[in-house]
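Have a look at final25.pdb below; it lists PDB, C-alpha atoms.
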```
ATOM      1  CA  ALA A 820      40.387  -3.690  -7.854
ATOM      2  CA  ALA A 821      38.121  -2.368 -10.558
ATOM      3  CA  SER A 822      34.438  -2.052  -9.899
ATOM      4  CA  LEU A 823      32.229  -4.467 -11.794
ATOM      5  CA  GLY A 824      29.473  -1.969 -12.336
ATOM      6  CA  VAL A 825      25.931  -3.010 -13.006
ATOM      7  CA  ASP A 826      26.586  -4.373 -16.486
ATOM      8  CA  GLY A 827      29.383  -6.707 -15.336
ATOM      9  CA  LEU A 828      27.244  -8.275 -12.633
ATOM     10  CA  GLN A 829      25.302 -10.566 -14.961
ATOM     11  CA  ASP A 830      28.386 -12.300 -16.301
ATOM     12  CA  HIS A 831      30.355 -12.437 -13.069
ATOM     13  CA  PRO A 832      31.207 -16.089 -12.296
ATOM     14  CA  GLY A 833      30.324 -15.703  -8.614
ATOM     15  CA  ALA A 834      26.858 -14.283  -9.252
ATOM     16  CA  ALA A 835      25.123 -17.666  -9.431
ATOM     17  CA  GLN A 836      26.828 -18.889  -6.243
ATOM     18  CA  ALA A 837      25.998 -15.668  -4.395
ATOM     19  CA  LEU A 838      22.340 -15.945  -5.405
ATOM     20  CA  ALA A 839      22.253 -19.619  -4.403
ATOM     21  CA  THR A 840      23.623 -18.666  -0.973
ATOM     22  CA  ILE A 841      21.038 -15.925  -0.599
ATOM     23  CA  ALA A 842      18.292 -18.389  -1.601
ATOM     24  CA  ALA A 843      19.537 -20.872   1.025
ATOM     25  CA  CYS A 844      19.417 -18.136   3.675
ATOM     26  CA  LEU A 845      15.840 -17.249   2.642
ATOM     27  CA  GLN A 846      14.835 -20.874   3.210
ATOM     28  CA  SER A 847      16.518 -20.997   6.613
ATOM     29  CA  SER A 848      14.434 -21.283   9.769
ATOM     30  CA  ARG A 849      16.453 -18.422  11.276
ATOM     31  CA  MET A 850      14.658 -15.102  11.041
ATOM     32  CA  LEU A 851      17.826 -13.004  10.951
ATOM     33  CA  LEU A 852      19.212 -14.947   7.981
ATOM     34  CA  GLN A 853      15.890 -14.628   6.140
ATOM     35  CA  LYS A 854      15.680 -10.895   6.827
ATOM     36  CA  GLU A 855      19.262 -10.166   5.741
ATOM     37  CA  ALA A 856      18.916 -12.309   2.606
ATOM     38  CA  ALA A 857      15.694 -10.513   1.675
ATOM     39  CA  PHE A 858      17.378  -7.164   2.357
ATOM     40  CA  ALA A 859      20.276  -8.085   0.047
ATOM     41  CA  LEU A 860      17.830  -9.143  -2.662
ATOM     42  CA  SER A 861      15.773  -5.974  -2.305
ATOM     43  CA  ASN A 862      18.916  -3.946  -2.938
ATOM     44  CA  LEU A 863      19.976  -6.163  -5.827
ATOM     45  CA  THR A 864      16.567  -5.964  -7.501
ATOM     46  CA  ALA A 865      16.601  -2.159  -7.178
ATOM     47  CA  LEU A 866      19.725  -1.801  -9.336
ATOM     48  CA  PRO A 867      19.478   0.577 -12.316
ATOM     49  CA  ARG A 868      18.280  -0.612 -15.718
ATOM     50  CA  SER A 869      16.620  -3.730 -14.252
ATOM     51  CA  GLN A 870      19.953  -5.567 -14.132
ATOM     52  CA  GLY A 871      19.300  -7.037 -10.676
ATOM     53  CA  VAL A 872      15.802  -8.210 -11.576
ATOM     54  CA  HIS A 873      17.155  -9.817 -14.740
ATOM     55  CA  LEU A 874      19.973 -11.469 -12.794
ATOM     56  CA  VAL A 875      17.587 -12.928 -10.213
ATOM     57  CA  ARG A 876      15.123 -14.151 -12.837
ATOM     58  CA  THR A 877      17.694 -15.761 -15.119
ATOM     59  CA  ARG A 878      20.129 -17.191 -12.578
ATOM     60  CA  LEU A 879      17.617 -18.403 -10.000
ATOM     61  CA  PRO A 880      14.088 -18.480 -11.461
ATOM     62  CA  GLN A 881      12.662 -20.636  -8.623
ATOM     63  CA  LEU A 882      13.520 -17.855  -6.174
ATOM     64  CA  THR A 883      10.354 -15.972  -7.138
ATOM     65  CA  SER A 884       8.112 -18.721  -5.766
ATOM     66  CA  THR A 885      10.162 -18.819  -2.528
ATOM     67  CA  LEU A 886       9.695 -15.066  -2.152
ATOM     68  CA  HIS A 887       5.954 -15.335  -2.801
ATOM     69  CA  ALA A 888       5.657 -18.104  -0.188
ATOM     70  CA  LEU A 889       7.492 -16.036   2.440
ATOM     71  CA  LEU A 890       5.357 -12.991   1.699
ATOM     72  CA  LEU A 891       2.197 -15.038   2.222
ATOM     73  CA  SER A 892       3.302 -16.946   5.310
ATOM     74  CA  PRO A 893       1.739 -15.493   8.480
ATOM     75  CA  PRO A 894       4.234 -17.246  10.774
ATOM     76  CA  THR A 895       7.044 -15.428   8.960
ATOM     77  CA  ALA A 896       8.085 -12.421  11.025
ATOM     78  CA  LEU A 897       6.769  -9.060   9.825
ATOM     79  CA  GLU A 898      10.324  -7.752   9.417
ATOM     80  CA  VAL A 899      11.095 -10.617   7.006
ATOM     81  CA  ARG A 900       7.810 -10.219   5.107
ATOM     82  CA  LYS A 901       8.493  -6.493   4.768
ATOM     83  CA  GLU A 902      11.965  -7.054   3.247
ATOM     84  CA  VAL A 903      10.517  -9.754   0.986
ATOM     85  CA  GLY A 904       7.799  -7.267   0.035
ATOM     86  CA  TYR A 905      10.423  -4.752  -1.096
ATOM     87  CA  THR A 906      12.109  -7.431  -3.198
ATOM     88  CA  VAL A 907       8.864  -8.623  -4.795
ATOM     89  CA  ALA A 908       7.787  -5.020  -5.413
ATOM     90  CA  ASN A 909      11.115  -4.314  -7.133
ATOM     91  CA  ILE A 910      10.703  -7.391  -9.303
ATOM     92  CA  CYS A 911       7.116  -6.446 -10.178
ATOM     93  CA  CYS A 912       8.022  -2.877 -11.050
ATOM     94  CA  GLY A 913      10.854  -4.134 -13.242
ATOM     95  CA  GLY A 914      13.567  -2.765 -10.951
ATOM     96  CA  ASP A 915      14.722   0.848 -10.719
ATOM     97  CA  GLY A 916      11.242   2.316 -10.172
ATOM     98  CA  SER A 917       9.709   1.777 -13.584
ATOM     99  CA  GLU A 918       5.961   1.785 -14.149
ATOM    100  CA  GLY A 919       5.439  -1.915 -13.522
ATOM    101  CA  ASP A 920       5.933  -5.228 -15.263
ATOM    102  CA  PRO A 921       2.478  -6.573 -16.148
ATOM    103  CA  VAL A 922       3.821 -10.123 -16.557
ATOM    104  CA  ALA A 923       5.440 -10.161 -13.098
ATOM    105  CA  ILE A 924       2.370  -8.566 -11.464
ATOM    106  CA  THR A 925       0.016 -11.033 -13.139
ATOM    107  CA  GLU A 926       2.242 -13.940 -12.059
ATOM    108  CA  LEU A 927       2.237 -12.670  -8.469
ATOM    109  CA  ALA A 928      -1.546 -12.225  -8.509
ATOM    110  CA  SER A 929      -2.088 -15.716  -9.935
ATOM    111  CA  GLN A 930      -0.074 -17.161  -7.040
ATOM    112  CA  GLY A 931      -2.128 -15.260  -4.466
ATOM    113  CA  GLY A 932       0.600 -12.712  -3.786
ATOM    114  CA  LEU A 933      -1.726  -9.719  -3.593
ATOM    115  CA  LYS A 934      -2.888 -11.105  -0.239
ATOM    116  CA  GLY A 935       0.654 -10.722   1.105
ATOM    117  CA  PHE A 936       0.658  -7.027   0.251
ATOM    118  CA  LEU A 937      -2.816  -6.595   1.740
ATOM    119  CA  ASP A 938      -1.491  -8.208   4.932
ATOM    120  CA  LEU A 939       1.276  -5.601   4.977
ATOM    121  CA  VAL A 940      -1.335  -2.852   4.544
ATOM    122  CA  GLY A 941      -3.282  -4.274   7.488
ATOM    123  CA  SER A 942      -0.280  -4.402   9.806
ATOM    124  CA  ALA A 943       0.301  -1.855  12.557
ATOM    125  CA  ASP A 944       3.711  -1.041  11.050
ATOM    126  CA  PRO A 945       3.544   2.255   9.088
ATOM    127  CA  GLU A 946       6.463   1.321   6.803
ATOM    128  CA  ALA A 947       4.887  -2.051   5.945
ATOM    129  CA  ALA A 948       1.497  -0.445   5.354
ATOM    130  CA  ALA A 949       3.029   2.203   3.083
ATOM    131  CA  LEU A 950       4.902  -0.480   1.119
ATOM    132  CA  GLY A 951       1.697  -2.469   0.641
ATOM    133  CA  LEU A 952      -0.250   0.600  -0.460
ATOM    134  CA  GLN A 953       2.467   1.715  -2.886
ATOM    135  CA  PHE A 954       2.623  -1.750  -4.406
ATOM    136  CA  LEU A 955      -1.168  -2.001  -4.809
ATOM    137  CA  GLU A 956      -1.264   1.423  -6.456
ATOM    138  CA  MET A 957       1.503   0.461  -8.904
ATOM    139  CA  ALA A 958      -0.137  -2.896  -9.630
ATOM    140  CA  ALA A 959      -3.508  -1.254 -10.322
ATOM    141  CA  ARG A 960      -1.852   1.213 -12.696
ATOM    142  CA  ALA A 961       0.115  -1.442 -14.583
ATOM    143  CA  VAL A 962      -2.570  -4.171 -14.568
ATOM    144  CA  PRO A 963      -6.026  -2.641 -14.036
ATOM    145  CA  GLU A 964      -7.558  -6.119 -13.461
ATOM    146  CA  THR A 965      -5.741  -6.301 -10.118
ATOM    147  CA  ARG A 966      -8.303  -3.856  -8.701
ATOM    148  CA  HIS A 967     -10.964  -6.543  -9.026
ATOM    149  CA  ALA A 968      -8.695  -9.148  -7.426
ATOM    150  CA  VAL A 969      -8.014  -6.789  -4.501
ATOM    151  CA  GLU A 970     -11.764  -6.247  -4.061
ATOM    152  CA  GLN A 971     -12.386 -10.015  -4.052
ATOM    153  CA  LEU A 972      -9.784 -10.420  -1.299
ATOM    154  CA  GLY A 973     -11.536  -7.863   0.912
ATOM    155  CA  GLY A 974      -8.791  -5.397   0.155
ATOM    156  CA  ILE A 975     -10.952  -2.295   0.049
ATOM    157  CA  GLU A 976     -11.954  -2.886   3.669
ATOM    158  CA  THR A 977      -8.318  -3.535   4.627
ATOM    159  CA  ILE A 978      -7.287  -0.273   2.962
ATOM    160  CA  ARG A 979     -10.103   1.632   4.698
ATOM    161  CA  ASN A 980      -9.062   0.176   8.050
ATOM    162  CA  VAL A 981      -5.656   1.848   7.766
ATOM    163  CA  GLN A 982      -7.316   4.872   9.331
ATOM    164  CA  LEU A 983      -8.075   2.737  12.405
ATOM    165  CA  THR A 984      -4.826   0.760  12.646
ATOM    166  CA  LEU A 985      -2.573   3.770  12.035
ATOM    167  CA  PRO A 986      -4.599   6.759  13.290
ATOM    168  CA  ASN A 987      -1.532   8.952  13.882
ATOM    169  CA  ASP A 988       0.186   8.431  10.541
ATOM    170  CA  GLU A 989      -1.226  11.052   8.191
ATOM    171  CA  ARG A 990       1.004  10.092   5.261
ATOM    172  CA  VAL A 991      -0.165   6.466   5.228
ATOM    173  CA  LYS A 992      -3.783   7.490   5.798
ATOM    174  CA  GLN A 993      -3.576   9.847   2.789
ATOM    175  CA  MET A 994      -2.045   7.076   0.658
ATOM    176  CA  ALA A 995      -4.919   4.762   1.608
ATOM    177  CA  LEU A 996      -7.521   7.415   0.877
ATOM    178  CA  ALA A 997      -5.970   8.194  -2.520
ATOM    179  CA  LEU A 998      -5.973   4.504  -3.437
ATOM    180  CA  ILE A 999      -9.624   4.058  -2.452
ATOM    181  CA  ASN A1000     -10.651   7.146  -4.423
ATOM    182  CA  LYS A1001      -9.035   5.902  -7.660
TER     183      LYS A1001
END
```
Before we go any further, please render this structure as structure tokens.
Amino acid sequence: AASLGVDGLQDHPGAAQALATIAACLQSSRMLLQKEAAFALSNLTALPRSQGVHLVRTRLPQLTSTLHALLLSPPTALEVRKEVGYTVANICCGGDGSEGDPVAITELASQGGLKGFLDLVGSADPEAAALGLQFLEMAARAVPETRHAVEQLGGIETIRNVQLTLPNDERVKQMALALINK
């Protein structure tokens, strides 16, 4: 069987059904299904040339609000929120590590999504904290107004507290310090 490649993914007849199944798993009450669905989406949205981000946005536009809701929901397990965070970060950076999509970042901020990333920063999980810090740094670079929104949410204090919540993780502490000093 020939590989579809990234370019063939958009037009594949099963793409819409696969995304609908992933969306149903995200809305499940079962943590493992949510986590695995978010993991699949984080990989899809990281595809080269923004193909995965485009596929998600065009085939299942309501998925973005589901992702934002999961990111912001404290009862959602940290492992799920972390995978959702990767997916949302990929969407906001435009996929494949670009500089950031100001429209996607502004949309996330208008729906209160910055709080979800600040919650990740404030967690005791070094990987979640690093993800939150990396996202906030990218968002501030792409949309400078997000700095003010982060300040209004008490984000500077949350970022400073990384030194207390993760005292043994020098890499994350340095990331937090660099973000505060910008």
- prompt: Quick one: of A:His967, A:Tyr905, A:Glu976, A:Cys911, who's nearest to Glu946 in chain A, counting all atoms listed in the file?
  reply: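 Closest candidate: A:Tyr905.
In this structure, CA of Ala834 in chain A sits 19.6 Å away from CA of Ser884 in chain A.
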message: Selection in question (the file shown): the PyMOL selection byres ((chain A and resi 923) around 10). Which residues does it include, as a VMD selection string?
response: chain A and resid 883 907 to 908 910 to 913 919 to 922 924 to 929 958
- line: The distance between CA of Leu851 in chain A and CA of Thr984 in chain A is 26.6 Å
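Between CA of Arg960 in chain A and CA of Leu983 in chain A the interatomic distance comes to 25.9 Å.
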- request: Mind checking which residues fall within 8 Å of Leu950 in chain A, counting only C-alpha atoms, ignoring those fewer than 2 positions away in the same chain, and posting them as a list in words?
  value: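 My reading of the contact set: Lys901, Gly904, Tyr905, Phe936, Leu939, Val940, Glu946, Ala947, Ala948, Leu952, Gln953 and Phe954 of chain A.
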task: Choose the residue, out of A:Glu855, A:Glu918, A:Asp944, A:Glu898, that has the smallest atom-to-atom separation from Asp988 in chain A; count all atoms listed in the file.
output: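 Under the stated criterion, the closest residue is A:Asp944.
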- request: Would you kindly return, as a list in words, each protein, DNA or RNA residue with an atom no farther than 12 Å from any atom of Arg979 in chain A, considering all atoms listed in the file and excluding same-chain residues fewer than 2 positions away?
  value: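 With the cut-off at 12 Å, the set is Leu937, Val940, Gly941, Ala948, Leu952, Glu970, Gly973, Gly974, Ile975, Glu976, Thr977, Val981, Gln982, Leu983, Thr984, Leu985, Pro986, Val991, Lys992, Gln993, Met994, Ala995, Leu996, Ala997, Leu998, Ile999 and Asn1000 of chain A.
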At a cut-off of 8 Å, can you tabulate as a Markdown table every residue of range 891-986 of chain A near range 835-850 of chain A together with its closest atom pair and the distance in Å to one decimal, using only C-alpha atoms and ordering rows by chain then number?
```
| residue | atom | partner | partner_atom | distance |
| --- | --- | --- | --- | --- |
| A:Thr895 | CA | A:Met850 | CA | 7.9 |
| A:Ala896 | CA | A:Met850 | CA | 7.1 |
| A:Val899 | CA | A:Met850 | CA | 7.0 |
```
query: Using all atoms listed in the file, which of the listed residues (A:Leu852, A:Ala943, A:Ala949, A:Leu933) sits closest to Val969 in chain A?
result: A:Leu933
message: Restricting the calculation to all atoms listed in the file: of A:Val903, A:Val875, A:Ala888, A:Leu897, which residue gets closest to Pro945 in chain A?
response: A:Leu897
Assuming 6 Å of padding per side, give the centre and edge lengths of the axis-aligned box around every listed atom of range 943-962 of chain A, in Å to one decimal and as lines of an AutoDock Vina configuration file.
```
center_x = 1.5
center_y = -1.0
center_z = -1.0
size_x = 22.0
size_y = 18.4
size_z = 39.1
```
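Nearest residue to Lys934 in chain A among A:Pro894, A:Gly951, A:Pro867, A:Pro963 is A:Gly951, counting only C-alpha atoms.
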Using the incomplete input, complete range 949-962 of chain A to the level of N, CA, C and O atoms; output as a PDB file, in the frame of the given file.
```pdb
ATOM      1  N   ALA A 949       2.708   1.335   4.222  1.00  0.00           N
ATOM      2  CA  ALA A 949       3.029   2.203   3.083  1.00  0.00           C
ATOM      3  C   ALA A 949       3.545   1.379   1.904  1.00  0.00           C
ATOM      4  O   ALA A 949       3.157   1.616   0.756  1.00  0.00           O
ATOM      5  N   LEU A 950       4.402   0.399   2.176  1.00  0.00           N
ATOM      6  CA  LEU A 950       4.902  -0.480   1.119  1.00  0.00           C
ATOM      7  C   LEU A 950       3.750  -1.192   0.426  1.00  0.00           C
ATOM      8  O   LEU A 950       3.671  -1.226  -0.802  1.00  0.00           O
ATOM      9  N   GLY A 951       2.844  -1.767   1.210  1.00  0.00           N
ATOM     10  CA  GLY A 951       1.697  -2.469   0.641  1.00  0.00           C
ATOM     11  C   GLY A 951       0.833  -1.558  -0.207  1.00  0.00           C
ATOM     12  O   GLY A 951       0.416  -1.929  -1.322  1.00  0.00           O
ATOM     13  N   LEU A 952       0.576  -0.352   0.285  1.00  0.00           N
ATOM     14  CA  LEU A 952      -0.250   0.600  -0.460  1.00  0.00           C
ATOM     15  C   LEU A 952       0.437   1.034  -1.761  1.00  0.00           C
ATOM     16  O   LEU A 952      -0.207   1.111  -2.810  1.00  0.00           O
ATOM     17  N   GLN A 953       1.736   1.310  -1.681  1.00  0.00           N
ATOM     18  CA  GLN A 953       2.467   1.715  -2.886  1.00  0.00           C
ATOM     19  C   GLN A 953       2.464   0.597  -3.929  1.00  0.00           C
ATOM     20  O   GLN A 953       2.287   0.855  -5.121  1.00  0.00           O
ATOM     21  N   PHE A 954       2.639  -0.636  -3.460  1.00  0.00           N
ATOM     22  CA  PHE A 954       2.623  -1.750  -4.406  1.00  0.00           C
ATOM     23  C   PHE A 954       1.244  -1.883  -5.058  1.00  0.00           C
ATOM     24  O   PHE A 954       1.143  -2.042  -6.274  1.00  0.00           O
ATOM     25  N   LEU A 955       0.185  -1.840  -4.265  1.00  0.00           N
ATOM     26  CA  LEU A 955      -1.168  -2.001  -4.809  1.00  0.00           C
ATOM     27  C   LEU A 955      -1.497  -0.896  -5.809  1.00  0.00           C
ATOM     28  O   LEU A 955      -2.141  -1.152  -6.829  1.00  0.00           O
ATOM     29  N   GLU A 956      -1.025   0.315  -5.536  1.00  0.00           N
ATOM     30  CA  GLU A 956      -1.264   1.423  -6.456  1.00  0.00           C
ATOM     31  C   GLU A 956      -0.536   1.185  -7.776  1.00  0.00           C
ATOM     32  O   GLU A 956      -1.088   1.354  -8.852  1.00  0.00           O
ATOM     33  N   MET A 957       0.728   0.747  -7.700  1.00  0.00           N
ATOM     34  CA  MET A 957       1.503   0.461  -8.904  1.00  0.00           C
ATOM     35  C   MET A 957       0.884  -0.699  -9.683  1.00  0.00           C
ATOM     36  O   MET A 957       0.758  -0.644 -10.904  1.00  0.00           O
ATOM     37  N   ALA A 958       0.464  -1.733  -8.969  1.00  0.00           N
ATOM     38  CA  ALA A 958      -0.137  -2.896  -9.630  1.00  0.00           C
ATOM     39  C   ALA A 958      -1.427  -2.503 -10.347  1.00  0.00           C
ATOM     40  O   ALA A 958      -1.672  -2.938 -11.477  1.00  0.00           O
ATOM     41  N   ALA A 959      -2.244  -1.679  -9.710  1.00  0.00           N
ATOM     42  CA  ALA A 959      -3.508  -1.254 -10.322  1.00  0.00           C
ATOM     43  C   ALA A 959      -3.266  -0.392 -11.559  1.00  0.00           C
ATOM     44  O   ALA A 959      -4.024  -0.456 -12.528  1.00  0.00           O
ATOM     45  N   ARG A 960      -2.203   0.393 -11.538  1.00  0.00           N
ATOM     46  CA  ARG A 960      -1.852   1.213 -12.696  1.00  0.00           C
ATOM     47  C   ARG A 960      -1.357   0.346 -13.855  1.00  0.00           C
ATOM     48  O   ARG A 960      -1.740   0.552 -15.002  1.00  0.00           O
ATOM     49  N   ALA A 961      -0.501  -0.618 -13.533  1.00  0.00           N
ATOM     50  CA  ALA A 961       0.115  -1.442 -14.583  1.00  0.00           C
ATOM     51  C   ALA A 961      -0.824  -2.529 -15.106  1.00  0.00           C
ATOM     52  O   ALA A 961      -0.787  -2.872 -16.282  1.00  0.00           O
ATOM     53  N   VAL A 962      -1.639  -3.095 -14.210  1.00  0.00           N
ATOM     54  CA  VAL A 962      -2.570  -4.171 -14.568  1.00  0.00           C
ATOM     55  C   VAL A 962      -3.919  -3.837 -13.922  1.00  0.00           C
ATOM     56  O   VAL A 962      -4.189  -4.243 -12.794  1.00  0.00           O
TER      57      VAL A 962
END
```
